[in-house]
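Enquirer: Structure supplied as start.tsv; contents: TSV, C-alpha atoms.
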chain	number	residue	atom	x	y	z
F	237	MET	CA	77.39	120.36	252.10
F	238	GLN	CA	78.53	120.25	248.52
F	239	SER	CA	81.75	119.21	246.96
F	240	SER	CA	83.48	121.31	244.35
F	241	ALA	CA	84.40	118.18	242.41
F	242	HIS	CA	82.84	117.52	239.04
F	243	THR	CA	83.06	114.44	236.90
F	244	ALA	CA	84.31	114.40	233.33
F	245	ASP	CA	80.75	113.51	232.36
F	246	GLY	CA	79.55	116.77	233.83
F	247	ALA	CA	77.69	115.45	236.88
F	248	ALA	CA	78.62	116.83	240.29
F	249	ASN	CA	80.01	114.44	242.93
F	250	LEU	CA	77.91	114.45	246.05
F	251	PRO	CA	79.39	111.90	248.46
F	252	ARG	CA	77.12	110.98	251.33
F	253	LEU	CA	78.59	111.60	254.76
F	254	ALA	CA	77.05	109.44	257.49
F	255	GLY	CA	76.11	111.37	260.63
F	256	HIS	CA	78.43	109.45	262.93
F	257	PHE	CA	81.58	110.39	260.98
F	258	ALA	CA	83.37	113.69	261.57
F	259	SER	CA	84.44	114.05	257.96
F	260	LEU	CA	84.54	112.32	254.61
F	261	GLU	CA	88.19	111.48	255.20
F	262	VAL	CA	87.35	109.63	258.42
F	263	GLN	CA	84.45	107.85	256.71
F	264	ASN	CA	86.62	106.66	253.82
F	265	HIS	CA	89.35	105.57	256.21
F	266	ALA	CA	86.85	103.53	258.24
F	267	ALA	CA	85.52	101.88	255.06
F	268	ARG	CA	89.03	100.97	253.93
F	269	LEU	CA	89.97	99.63	257.37
F	270	GLY	CA	86.80	97.53	257.46
F	271	MET	CA	87.58	96.10	254.02
F	272	TRP	CA	91.15	95.20	255.01
F	273	LEU	CA	89.80	93.41	258.12
F	274	PHE	CA	87.29	91.52	255.98
F	275	LEU	CA	90.01	90.54	253.50
F	276	ALA	CA	92.13	89.30	256.42
F	277	THR	CA	89.30	86.94	257.44
F	278	GLU	CA	89.05	85.74	253.84
F	279	ILE	CA	92.78	84.97	253.80
F	280	LEU	CA	92.35	83.04	257.07
F	281	LEU	CA	89.56	81.02	255.42
F	282	PHE	CA	91.81	80.00	252.52
F	283	ALA	CA	94.77	79.52	254.88
F	284	GLY	CA	92.88	76.60	256.46
F	285	LEU	CA	92.66	74.93	253.06
F	286	PHE	CA	96.33	75.61	252.41
F	287	VAL	CA	97.21	73.89	255.70
F	288	CYS	CA	95.15	70.85	254.65
F	289	TYR	CA	96.96	70.92	251.31
F	290	GLY	CA	100.37	70.99	253.05
F	291	CYS	CA	99.55	68.14	255.43
F	292	TYR	CA	98.14	65.81	252.77
F	293	ARG	CA	100.87	66.66	250.26
F	294	PHE	CA	103.45	65.71	252.91
F	295	LEU	CA	101.62	62.42	253.58
F	296	TYR	CA	100.92	61.49	249.93
F	297	PRO	CA	103.60	63.07	247.68
F	298	GLU	CA	103.13	60.50	244.87
F	299	ALA	CA	99.37	61.06	244.79
F	300	TRP	CA	99.90	64.83	244.66
F	301	ALA	CA	102.33	64.53	241.75
F	302	ALA	CA	100.03	62.14	239.84
F	303	GLY	CA	96.92	64.25	240.49
F	304	SER	CA	98.67	67.44	239.45
F	305	ARG	CA	99.87	65.92	236.16
F	306	SER	CA	96.31	64.86	235.35
F	307	LEU	CA	95.16	68.50	235.37
F	308	ASP	CA	95.08	70.59	232.19
F	309	LEU	CA	98.02	72.97	232.60
F	310	THR	CA	97.05	74.99	229.52
F	311	MET	CA	93.59	75.74	230.91
F	312	GLY	CA	95.08	76.61	234.30
F	313	THR	CA	97.63	78.96	232.72
F	314	VAL	CA	95.01	80.65	230.54
F	315	ASN	CA	92.81	81.14	233.60
F	316	THR	CA	95.77	82.70	235.46
F	317	VAL	CA	96.38	85.16	232.63
F	318	VAL	CA	92.65	85.95	232.44
F	319	LEU	CA	92.43	86.70	236.18
F	320	ILE	CA	95.62	88.79	236.21
F	321	THR	CA	94.29	90.82	233.28
F	322	SER	CA	90.92	91.25	235.00
F	323	SER	CA	92.80	92.64	238.00
F	324	LEU	CA	94.40	95.19	235.66
F	325	THR	CA	91.01	96.39	234.40
F	326	ALA	CA	89.70	96.53	237.99
F	327	ALA	CA	92.70	98.69	238.97
F	328	LEU	CA	92.14	100.91	235.94
F	329	ALA	CA	88.49	101.32	237.02
F	330	VAL	CA	89.73	102.83	240.31
F	331	HIS	CA	92.12	105.04	238.35
F	332	TYR	CA	89.30	106.37	236.17
F	333	ALA	CA	86.93	106.68	239.14
F	334	LYS	CA	89.43	109.01	240.85
F	335	ALA	CA	89.46	111.10	237.68
F	336	GLY	CA	85.66	111.11	237.50
F	337	GLU	CA	85.60	109.36	234.13
F	338	ASN	CA	82.50	107.30	234.83
F	339	LYS	CA	82.04	105.84	231.35
F	340	LYS	CA	85.56	104.42	231.45
F	341	VAL	CA	84.89	103.04	234.94
F	342	GLY	CA	81.85	101.21	233.57
F	343	VAL	CA	83.75	99.91	230.54
F	344	MET	CA	86.60	98.63	232.74
F	345	PHE	CA	84.12	96.78	234.92
F	346	VAL	CA	82.41	95.31	231.84
F	347	LEU	CA	85.80	93.97	230.71
F	348	THR	CA	86.50	92.64	234.21
F	349	LEU	CA	83.14	90.87	234.28
F	350	LEU	CA	83.66	89.38	230.82
F	351	MET	CA	87.00	87.95	231.93
F	352	ALA	CA	85.36	86.62	235.10
F	353	VAL	CA	82.78	84.82	232.96
F	354	GLY	CA	85.61	83.49	230.79
F	355	PHE	CA	87.36	82.18	233.90
F	356	LEU	CA	84.22	80.37	235.04
F	357	VAL	CA	83.56	78.90	231.57
F	358	ILE	CA	87.10	77.46	231.47
F	359	LYS	CA	86.63	76.13	234.99
F	360	TYR	CA	83.33	74.54	233.89
F	361	PHE	CA	85.11	72.64	231.09
F	362	GLU	CA	87.75	71.45	233.56
F	363	TYR	CA	85.12	70.27	236.02
F	364	ALA	CA	83.04	68.61	233.26
F	365	HIS	CA	86.06	66.57	232.15
F	366	LYS	CA	86.74	65.44	235.73
F	367	PHE	CA	83.13	64.45	236.26
F	368	HIS	CA	83.24	62.55	232.97
F	369	ILE	CA	86.34	60.45	233.76
F	370	GLY	CA	85.63	60.13	237.47
F	371	THR	CA	88.46	62.09	239.12
F	372	LEU	CA	86.13	63.16	241.91
F	373	PRO	CA	86.63	63.87	245.63
F	374	GLY	CA	86.76	61.21	248.33
F	375	ARG	CA	84.67	58.06	247.89
F	376	TYR	CA	83.26	59.30	244.57
F	377	TYR	CA	86.67	58.85	242.91
F	378	HIS	CA	86.46	56.03	240.34
F	379	TYR	CA	89.09	56.77	237.71
F	380	GLU	CA	91.04	53.62	236.73
F	381	GLY	CA	93.89	55.56	235.10
F	382	ILE	CA	95.41	56.78	238.39
F	383	GLN	CA	95.31	54.39	241.32
F	384	VAL	CA	97.68	55.78	243.95
F	385	THR	CA	97.10	55.89	247.68
F	386	GLY	CA	95.75	59.31	248.64
F	387	ILE	CA	94.63	60.36	245.14
F	388	PRO	CA	90.97	60.91	246.23
F	389	LEU	CA	92.31	63.33	248.86
F	390	TYR	CA	94.14	65.32	246.20
F	391	PHE	CA	90.88	65.79	244.29
F	392	THR	CA	89.03	66.59	247.52
F	393	VAL	CA	91.48	69.45	248.13
F	394	TYR	CA	91.33	70.41	244.44
F	395	PHE	CA	87.53	70.65	244.34
F	396	CYS	CA	87.20	72.32	247.76
F	397	SER	CA	89.76	75.03	247.00
F	398	THR	CA	88.75	75.74	243.39
F	399	ALA	CA	85.01	75.65	244.14
F	400	LEU	CA	85.46	78.02	247.10
F	401	HIS	CA	87.53	80.29	244.85
F	402	ALA	CA	84.89	80.14	242.08
F	403	PHE	CA	82.25	81.09	244.67
F	404	HIS	CA	84.35	84.16	245.51
F	405	VAL	CA	84.59	84.98	241.81
F	406	ILE	CA	80.77	84.96	241.61
F	407	ILE	CA	80.47	87.19	244.71
F	408	GLY	CA	83.06	89.56	243.23
F	409	MET	CA	81.11	89.67	239.96
F	410	ALA	CA	77.97	90.69	241.85
F	411	VAL	CA	79.82	93.50	243.67
F	412	LEU	CA	81.47	94.80	240.50
F	413	SER	CA	78.16	94.60	238.61
F	414	VAL	CA	76.57	96.99	241.13
F	415	ALA	CA	79.50	99.41	240.74
F	416	MET	CA	79.31	99.10	236.95
F	417	VAL	CA	75.60	99.94	236.85
F	418	ARG	CA	76.20	102.90	239.12
F	419	ALA	CA	79.02	104.17	236.92
F	420	PHE	CA	76.81	104.03	233.83
F	421	ARG	CA	73.57	105.30	235.42
F	422	LYS	CA	74.37	107.65	238.31
F	423	LYS	CA	77.79	108.68	237.01
F	424	ASP	CA	78.71	110.04	240.42
F	425	PHE	CA	82.20	108.60	240.92
F	426	GLY	CA	84.88	111.24	241.22
F	427	PRO	CA	87.92	112.43	243.22
F	428	ASN	CA	85.86	112.53	246.43
F	429	ASN	CA	83.60	109.59	245.76
F	430	TYR	CA	85.33	106.42	244.61
F	431	THR	CA	85.33	104.28	247.77
F	432	MET	CA	82.81	101.80	246.33
F	433	VAL	CA	84.97	101.22	243.24
F	434	GLU	CA	88.13	100.97	245.35
F	435	LEU	CA	86.69	98.44	247.79
F	436	GLY	CA	85.14	96.35	245.02
F	437	SER	CA	88.48	96.26	243.24
F	438	MET	CA	90.26	95.31	246.47
F	439	TYR	CA	87.96	92.31	246.76
F	440	TRP	CA	88.67	91.39	243.15
F	441	HIS	CA	92.41	91.60	243.79
F	442	LEU	CA	91.94	89.13	246.67
F	443	VAL	CA	90.24	86.72	244.26
F	444	ASP	CA	93.21	87.12	241.91
F	445	LEU	CA	95.70	86.75	244.76
F	446	VAL	CA	94.18	83.48	245.97
F	447	TRP	CA	94.31	82.03	242.45
F	448	ILE	CA	97.97	83.11	242.09
F	449	PHE	CA	98.74	80.74	244.99
F	450	LEU	CA	96.30	77.98	244.00
F	451	PHE	CA	97.65	77.72	240.45
F	452	PRO	CA	101.21	76.49	241.22
F	453	MET	CA	100.04	74.49	244.24
F	454	LEU	CA	97.53	72.46	242.23
F	455	TYR	CA	98.82	72.47	238.64
F	456	LEU	CA	102.60	72.49	239.06
F	457	VAL	CA	103.43	69.91	241.74
O	216	MET	CA	84.41	123.37	257.98
O	217	ALA	CA	82.99	120.35	256.18
O	218	ILE	CA	83.62	122.00	252.82
O	219	ALA	CA	87.19	122.77	253.86
O	220	ASN	CA	87.72	119.14	254.87
O	221	GLU	CA	86.38	117.89	251.54
O	222	SER	CA	88.57	120.28	249.57
O	223	HIS	CA	91.58	119.10	251.54
O	224	GLN	CA	90.58	115.49	250.87
O	225	GLU	CA	90.16	116.21	247.18
O	226	GLU	CA	93.61	117.80	246.99
O	227	GLN	CA	95.13	114.77	248.71
O	228	ASN	CA	93.33	112.41	246.34
O	229	MET	CA	94.51	114.27	243.27
O	230	GLU	CA	98.09	114.34	244.55
O	231	ALA	CA	98.00	110.58	245.05
O	232	HIS	CA	96.42	110.09	241.60
O	233	HIS	CA	99.22	108.90	239.36
O	234	GLY	CA	99.27	107.74	235.76
O	235	ALA	CA	97.87	104.42	234.58
O	236	GLY	CA	101.30	103.32	233.32
O	237	ARG	CA	102.16	101.78	236.67
O	238	TYR	CA	99.21	99.34	236.40
O	239	TRP	CA	100.30	98.22	232.93
O	240	LEU	CA	103.86	97.74	234.16
O	241	ILE	CA	102.73	95.57	237.09
O	242	TRP	CA	100.47	93.60	234.73
O	243	GLY	CA	103.44	92.92	232.45
O	244	VAL	CA	105.62	91.80	235.35
O	245	LEU	CA	102.82	89.51	236.61
O	246	LEU	CA	102.53	87.87	233.18
O	247	VAL	CA	106.31	87.36	233.00
O	248	LEU	CA	106.28	85.81	236.49
O	249	THR	CA	103.40	83.53	235.43
O	250	VAL	CA	105.53	82.27	232.54
O	251	VAL	CA	108.48	81.79	234.95
O	252	THR	CA	106.18	79.85	237.31
O	253	VAL	CA	105.00	77.53	234.51
O	254	VAL	CA	108.51	76.97	233.10
O	255	THR	CA	110.10	76.24	236.50
O	256	GLY	CA	107.07	74.14	237.51
O	257	ARG	CA	107.41	71.91	234.45
O	258	MET	CA	111.08	71.31	235.28
O	259	HIS	CA	109.90	69.38	238.39
O	260	LEU	CA	112.77	70.68	240.49
O	261	PRO	CA	113.33	68.02	243.16
O	262	ASN	CA	113.84	69.89	246.41
O	263	PHE	CA	112.90	73.50	246.07
O	264	GLY	CA	110.23	73.43	243.34
O	265	LEU	CA	107.34	74.21	245.68
O	266	LEU	CA	109.39	76.81	247.58
O	267	LEU	CA	110.31	78.58	244.33
O	268	ALA	CA	106.67	78.54	243.15
O	269	LEU	CA	105.50	80.00	246.47
O	270	VAL	CA	108.23	82.68	246.43
O	271	ILE	CA	107.15	83.71	242.91
O	272	ALA	CA	103.49	83.65	244.01
O	273	THR	CA	104.37	85.84	247.02
O	274	VAL	CA	106.16	88.35	244.76
O	275	LYS	CA	103.13	88.34	242.44
O	276	GLY	CA	100.81	88.81	245.42
O	277	THR	CA	102.86	91.76	246.62
O	278	LEU	CA	102.64	93.32	243.15
O	279	VAL	CA	98.84	92.87	243.14
O	280	THR	CA	98.65	94.54	246.57
O	281	LEU	CA	100.73	97.47	245.29
The structure in this file should be written as structure tokens.

Expert:
Amino acid sequence: MQSSAHTADGAANLPRLAGHFASLEVQNHAARLGMWLFLATEILLFAGLFVCYGCYRFLYPEAWAAGSRSLDLTMGTVNTVVLITSSLTAALAVHYAKAGENKKVGVMFVLTLLMAVGFLVIKYFEYAHKFHIGTLPGRYYHYEGIQVTGIPLYFTVYFCSTALHAFHVIIGMAVLSVAMVRAFRKKDFGPNNYTMVELGSMYWHLVDLVWIFLFPMLYLV
Amino acid sequence: MAIANESHQEEQNMEAHHGAGRYWLIWGVLLVLTVVTVVTGRMHLPNFGLLLALVIATVKGTLVTL
């Protein structure tokens, strides 16, 4: 069983067909369906946090406004632009994978990973500042500058949602790193063999999507 | 038969393979919507600020999914 597809780098694409699938088309469809189901569970996970956010914001609107204004909007906006741009490079990686241009796939993933690191570095500086002044979750909150009822809850929601998102960024980086190494070493992505790149990028788009909602909810109350 | 299936799949993939321009266009629209989100967010609109931000975020999310 050999494919007629060849990559731009000259290596032949030899997609592996598992024995329990009738064809490559069915196998790819199953992989995509599985990924969509997984992403649905991820959205449900974050939806729980969003519900908490909605309830507490309704109960403590002044605390939410005060907490939001204490965040660094510039850093949040830069992080949004960084993640949106990293989604572009992830999408371009899929584009080049379909064309069999493995070196470009690898380069796009390198750029995506660099932006992911940039996102985490900015987030580190934000966290460090909060730890320094004491705007921490729950009973650890000890900042004298904002004393409003419910403010520790705002920072509980802030840290829970952004830390969970940062954890997803790290997982996404691991997945994309594997795809990047494969693009540079095996060079076997092509018109018939790009599912790994596509699914990895889908996960990265989820990470971007979650941040697109978190950004206005936390920074722009 | 398997080879025929793969060739068919390859043809389908290549037909669906469009230019990269669409990704750049969506990226540009997402950046513009981010600016709109920040500007409208800083206005502190009294009643529909959150709703507007979520509508923009939903539009951005749809663009990412596309």

Enquirer: Would you kindly report the residues of chain F within 6 Å of chain O, using all atoms listed in the file, as a list in words?

Expert: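 Those within range of chain O come out as Pro427, Asn428, Leu445, Ile448, Phe449 and Leu456 of chain F.
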
Enquirer: What is the atom CA of F:Val384 to atom CA of F:Pro297 distance in Å?

Expert: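 Atom CA of F:Pro297 lies at a distance of 10.1 Å from atom CA of F:Val384.
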
Enquirer: One decimal, Å: what's the distance from atom CA of F:Val457 over to atom CA of F:Arg305, could you say?

Expert: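 For atom CA of F:Val457 relative to atom CA of F:Arg305, the distance reads 7.7 Å.
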
Enquirer: Rounded to one decimal place, report the atom CA of F:Leu281-atom CA of F:Phe451 distance in Å.

Expert: 17.3 Å

Enquirer: Can you list, as a VMD selection string, every protein, DNA or RNA residue that comes within 9 Å of stretch 319-325 of chain F when you count all atoms listed in the file, leaving out same-chain residues fewer than 2 positions away?

Expert: (chain F and resid 314 to 317 327 to 330 343 to 345 347 to 352 355 437 440 to 441 443 to 445 447 to 448) or (chain O and resid 238 to 239 241 to 242 245 to 246 279)

Enquirer: Leaving out F:Arg293 and any residue of its chain fewer than 3 positions from it, which residues lie within 10 Å of it when counting only C-alpha atoms, given as a VMD selection string?

Expert: chain F and resid 287 to 290 296 to 301 386 389 to 390 453 457

Enquirer: Write out as AutoDock Vina command-line options an axis-aligned box for stretch 446-450 of chain F: all of its atoms listed in the file, 5 Å added on each side, centre and edge lengths in Å with one decimal.

Expert:
--center_x 96.5 --center_y 80.7 --center_z 244.0 --size_x 14.6 --size_y 15.5 --size_z 13.9

Enquirer: Counting only C-alpha atoms, find residues at most 12 Å from (90.6, 59.2, 248.6) (file frame) and give them as number ranges by chain.

Expert: F: 292, 296, 299-300, 303, 371-379, 382-394

Enquirer: Stretch 354-373 of chain F from the block above, N, CA, C and O atoms, as a PDB file, in the first residue's frame, please?

Expert:
ATOM      1  N   GLY F 354       6.520  33.454  24.713  1.00  0.00           N
ATOM      2  CA  GLY F 354       6.312  34.885  24.976  1.00  0.00           C
ATOM      3  C   GLY F 354       5.070  35.123  25.813  1.00  0.00           C
ATOM      4  O   GLY F 354       5.081  35.925  26.762  1.00  0.00           O
ATOM      5  N   PHE F 355       3.994  34.399  25.481  1.00  0.00           N
ATOM      6  CA  PHE F 355       2.742  34.519  26.243  1.00  0.00           C
ATOM      7  C   PHE F 355       2.980  34.165  27.709  1.00  0.00           C
ATOM      8  O   PHE F 355       2.555  34.882  28.622  1.00  0.00           O
ATOM      9  N   LEU F 356       3.691  33.044  27.926  1.00  0.00           N
ATOM     10  CA  LEU F 356       3.915  32.589  29.306  1.00  0.00           C
ATOM     11  C   LEU F 356       4.839  33.535  30.073  1.00  0.00           C
ATOM     12  O   LEU F 356       4.658  33.738  31.278  1.00  0.00           O
ATOM     13  N   VAL F 357       5.813  34.117  29.382  1.00  0.00           N
ATOM     14  CA  VAL F 357       6.725  35.069  30.047  1.00  0.00           C
ATOM     15  C   VAL F 357       5.938  36.300  30.510  1.00  0.00           C
ATOM     16  O   VAL F 357       6.096  36.762  31.654  1.00  0.00           O
ATOM     17  N   ILE F 358       5.072  36.809  29.625  1.00  0.00           N
ATOM     18  CA  ILE F 358       4.243  37.971  30.004  1.00  0.00           C
ATOM     19  C   ILE F 358       3.345  37.602  31.184  1.00  0.00           C
ATOM     20  O   ILE F 358       3.177  38.365  32.138  1.00  0.00           O
ATOM     21  N   LYS F 359       2.780  36.415  31.113  1.00  0.00           N
ATOM     22  CA  LYS F 359       1.903  35.958  32.211  1.00  0.00           C
ATOM     23  C   LYS F 359       2.700  35.843  33.517  1.00  0.00           C
ATOM     24  O   LYS F 359       2.192  36.166  34.592  1.00  0.00           O
ATOM     25  N   TYR F 360       3.956  35.400  33.409  1.00  0.00           N
ATOM     26  CA  TYR F 360       4.807  35.297  34.598  1.00  0.00           C
ATOM     27  C   TYR F 360       4.978  36.671  35.257  1.00  0.00           C
ATOM     28  O   TYR F 360       4.871  36.801  36.480  1.00  0.00           O
ATOM     29  N   PHE F 361       5.244  37.701  34.417  1.00  0.00           N
ATOM     30  CA  PHE F 361       5.430  39.045  34.974  1.00  0.00           C
ATOM     31  C   PHE F 361       4.137  39.542  35.636  1.00  0.00           C
ATOM     32  O   PHE F 361       4.178  40.206  36.679  1.00  0.00           O
ATOM     33  N   GLU F 362       3.009  39.217  35.034  1.00  0.00           N
ATOM     34  CA  GLU F 362       1.725  39.607  35.647  1.00  0.00           C
ATOM     35  C   GLU F 362       1.542  38.921  37.002  1.00  0.00           C
ATOM     36  O   GLU F 362       1.162  39.563  37.988  1.00  0.00           O
ATOM     37  N   TYR F 363       1.798  37.629  37.022  1.00  0.00           N
ATOM     38  CA  TYR F 363       1.653  36.868  38.271  1.00  0.00           C
ATOM     39  C   TYR F 363       2.625  37.390  39.332  1.00  0.00           C
ATOM     40  O   TYR F 363       2.259  37.539  40.510  1.00  0.00           O
ATOM     41  N   ALA F 364       3.882  37.640  38.925  1.00  0.00           N
ATOM     42  CA  ALA F 364       4.908  38.080  39.879  1.00  0.00           C
ATOM     43  C   ALA F 364       4.475  39.381  40.555  1.00  0.00           C
ATOM     44  O   ALA F 364       4.644  39.541  41.775  1.00  0.00           O
ATOM     45  N   HIS F 365       3.909  40.290  39.755  1.00  0.00           N
ATOM     46  CA  HIS F 365       3.450  41.565  40.322  1.00  0.00           C
ATOM     47  C   HIS F 365       2.337  41.332  41.344  1.00  0.00           C
ATOM     48  O   HIS F 365       2.323  41.951  42.424  1.00  0.00           O
ATOM     49  N   LYS F 366       1.421  40.425  41.015  1.00  0.00           N
ATOM     50  CA  LYS F 366       0.302  40.151  41.934  1.00  0.00           C
ATOM     51  C   LYS F 366       0.786  39.491  43.215  1.00  0.00           C
ATOM     52  O   LYS F 366       0.292  39.800  44.306  1.00  0.00           O
ATOM     53  N   PHE F 367       1.744  38.593  43.097  1.00  0.00           N
ATOM     54  CA  PHE F 367       2.301  37.970  44.296  1.00  0.00           C
ATOM     55  C   PHE F 367       3.027  39.009  45.149  1.00  0.00           C
ATOM     56  O   PHE F 367       3.021  38.942  46.376  1.00  0.00           O
ATOM     57  N   HIS F 368       3.651  39.977  44.465  1.00  0.00           N
ATOM     58  CA  HIS F 368       4.424  41.003  45.176  1.00  0.00           C
ATOM     59  C   HIS F 368       3.509  41.919  45.995  1.00  0.00           C
ATOM     60  O   HIS F 368       3.800  42.216  47.162  1.00  0.00           O
ATOM     61  N   ILE F 369       2.384  42.369  45.378  1.00  0.00           N
ATOM     62  CA  ILE F 369       1.528  43.328  46.096  1.00  0.00           C
ATOM     63  C   ILE F 369       0.455  42.634  46.938  1.00  0.00           C
ATOM     64  O   ILE F 369      -0.174  43.272  47.777  1.00  0.00           O
ATOM     65  N   GLY F 370       0.241  41.352  46.682  1.00  0.00           N
ATOM     66  CA  GLY F 370      -0.693  40.611  47.536  1.00  0.00           C
ATOM     67  C   GLY F 370      -2.105  40.479  47.002  1.00  0.00           C
ATOM     68  O   GLY F 370      -3.031  40.172  47.762  1.00  0.00           O
ATOM     69  N   THR F 371      -2.304  40.706  45.696  1.00  0.00           N
ATOM     70  CA  THR F 371      -3.641  40.462  45.119  1.00  0.00           C
ATOM     71  C   THR F 371      -3.731  38.980  44.754  1.00  0.00           C
ATOM     72  O   THR F 371      -3.598  38.593  43.598  1.00  0.00           O
ATOM     73  N   LEU F 372      -3.976  38.193  45.809  1.00  0.00           N
ATOM     74  CA  LEU F 372      -3.955  36.733  45.673  1.00  0.00           C
ATOM     75  C   LEU F 372      -5.351  36.156  45.924  1.00  0.00           C
ATOM     76  O   LEU F 372      -6.236  36.852  46.425  1.00  0.00           O
ATOM     77  N   PRO F 373      -5.566  34.894  45.589  1.00  0.00           N
ATOM     78  CA  PRO F 373      -6.911  34.317  45.737  1.00  0.00           C
ATOM     79  C   PRO F 373      -7.313  34.087  47.198  1.00  0.00           C
ATOM     80  O   PRO F 373      -6.464  33.816  48.051  1.00  0.00           O
TER      81      PRO F 373
END
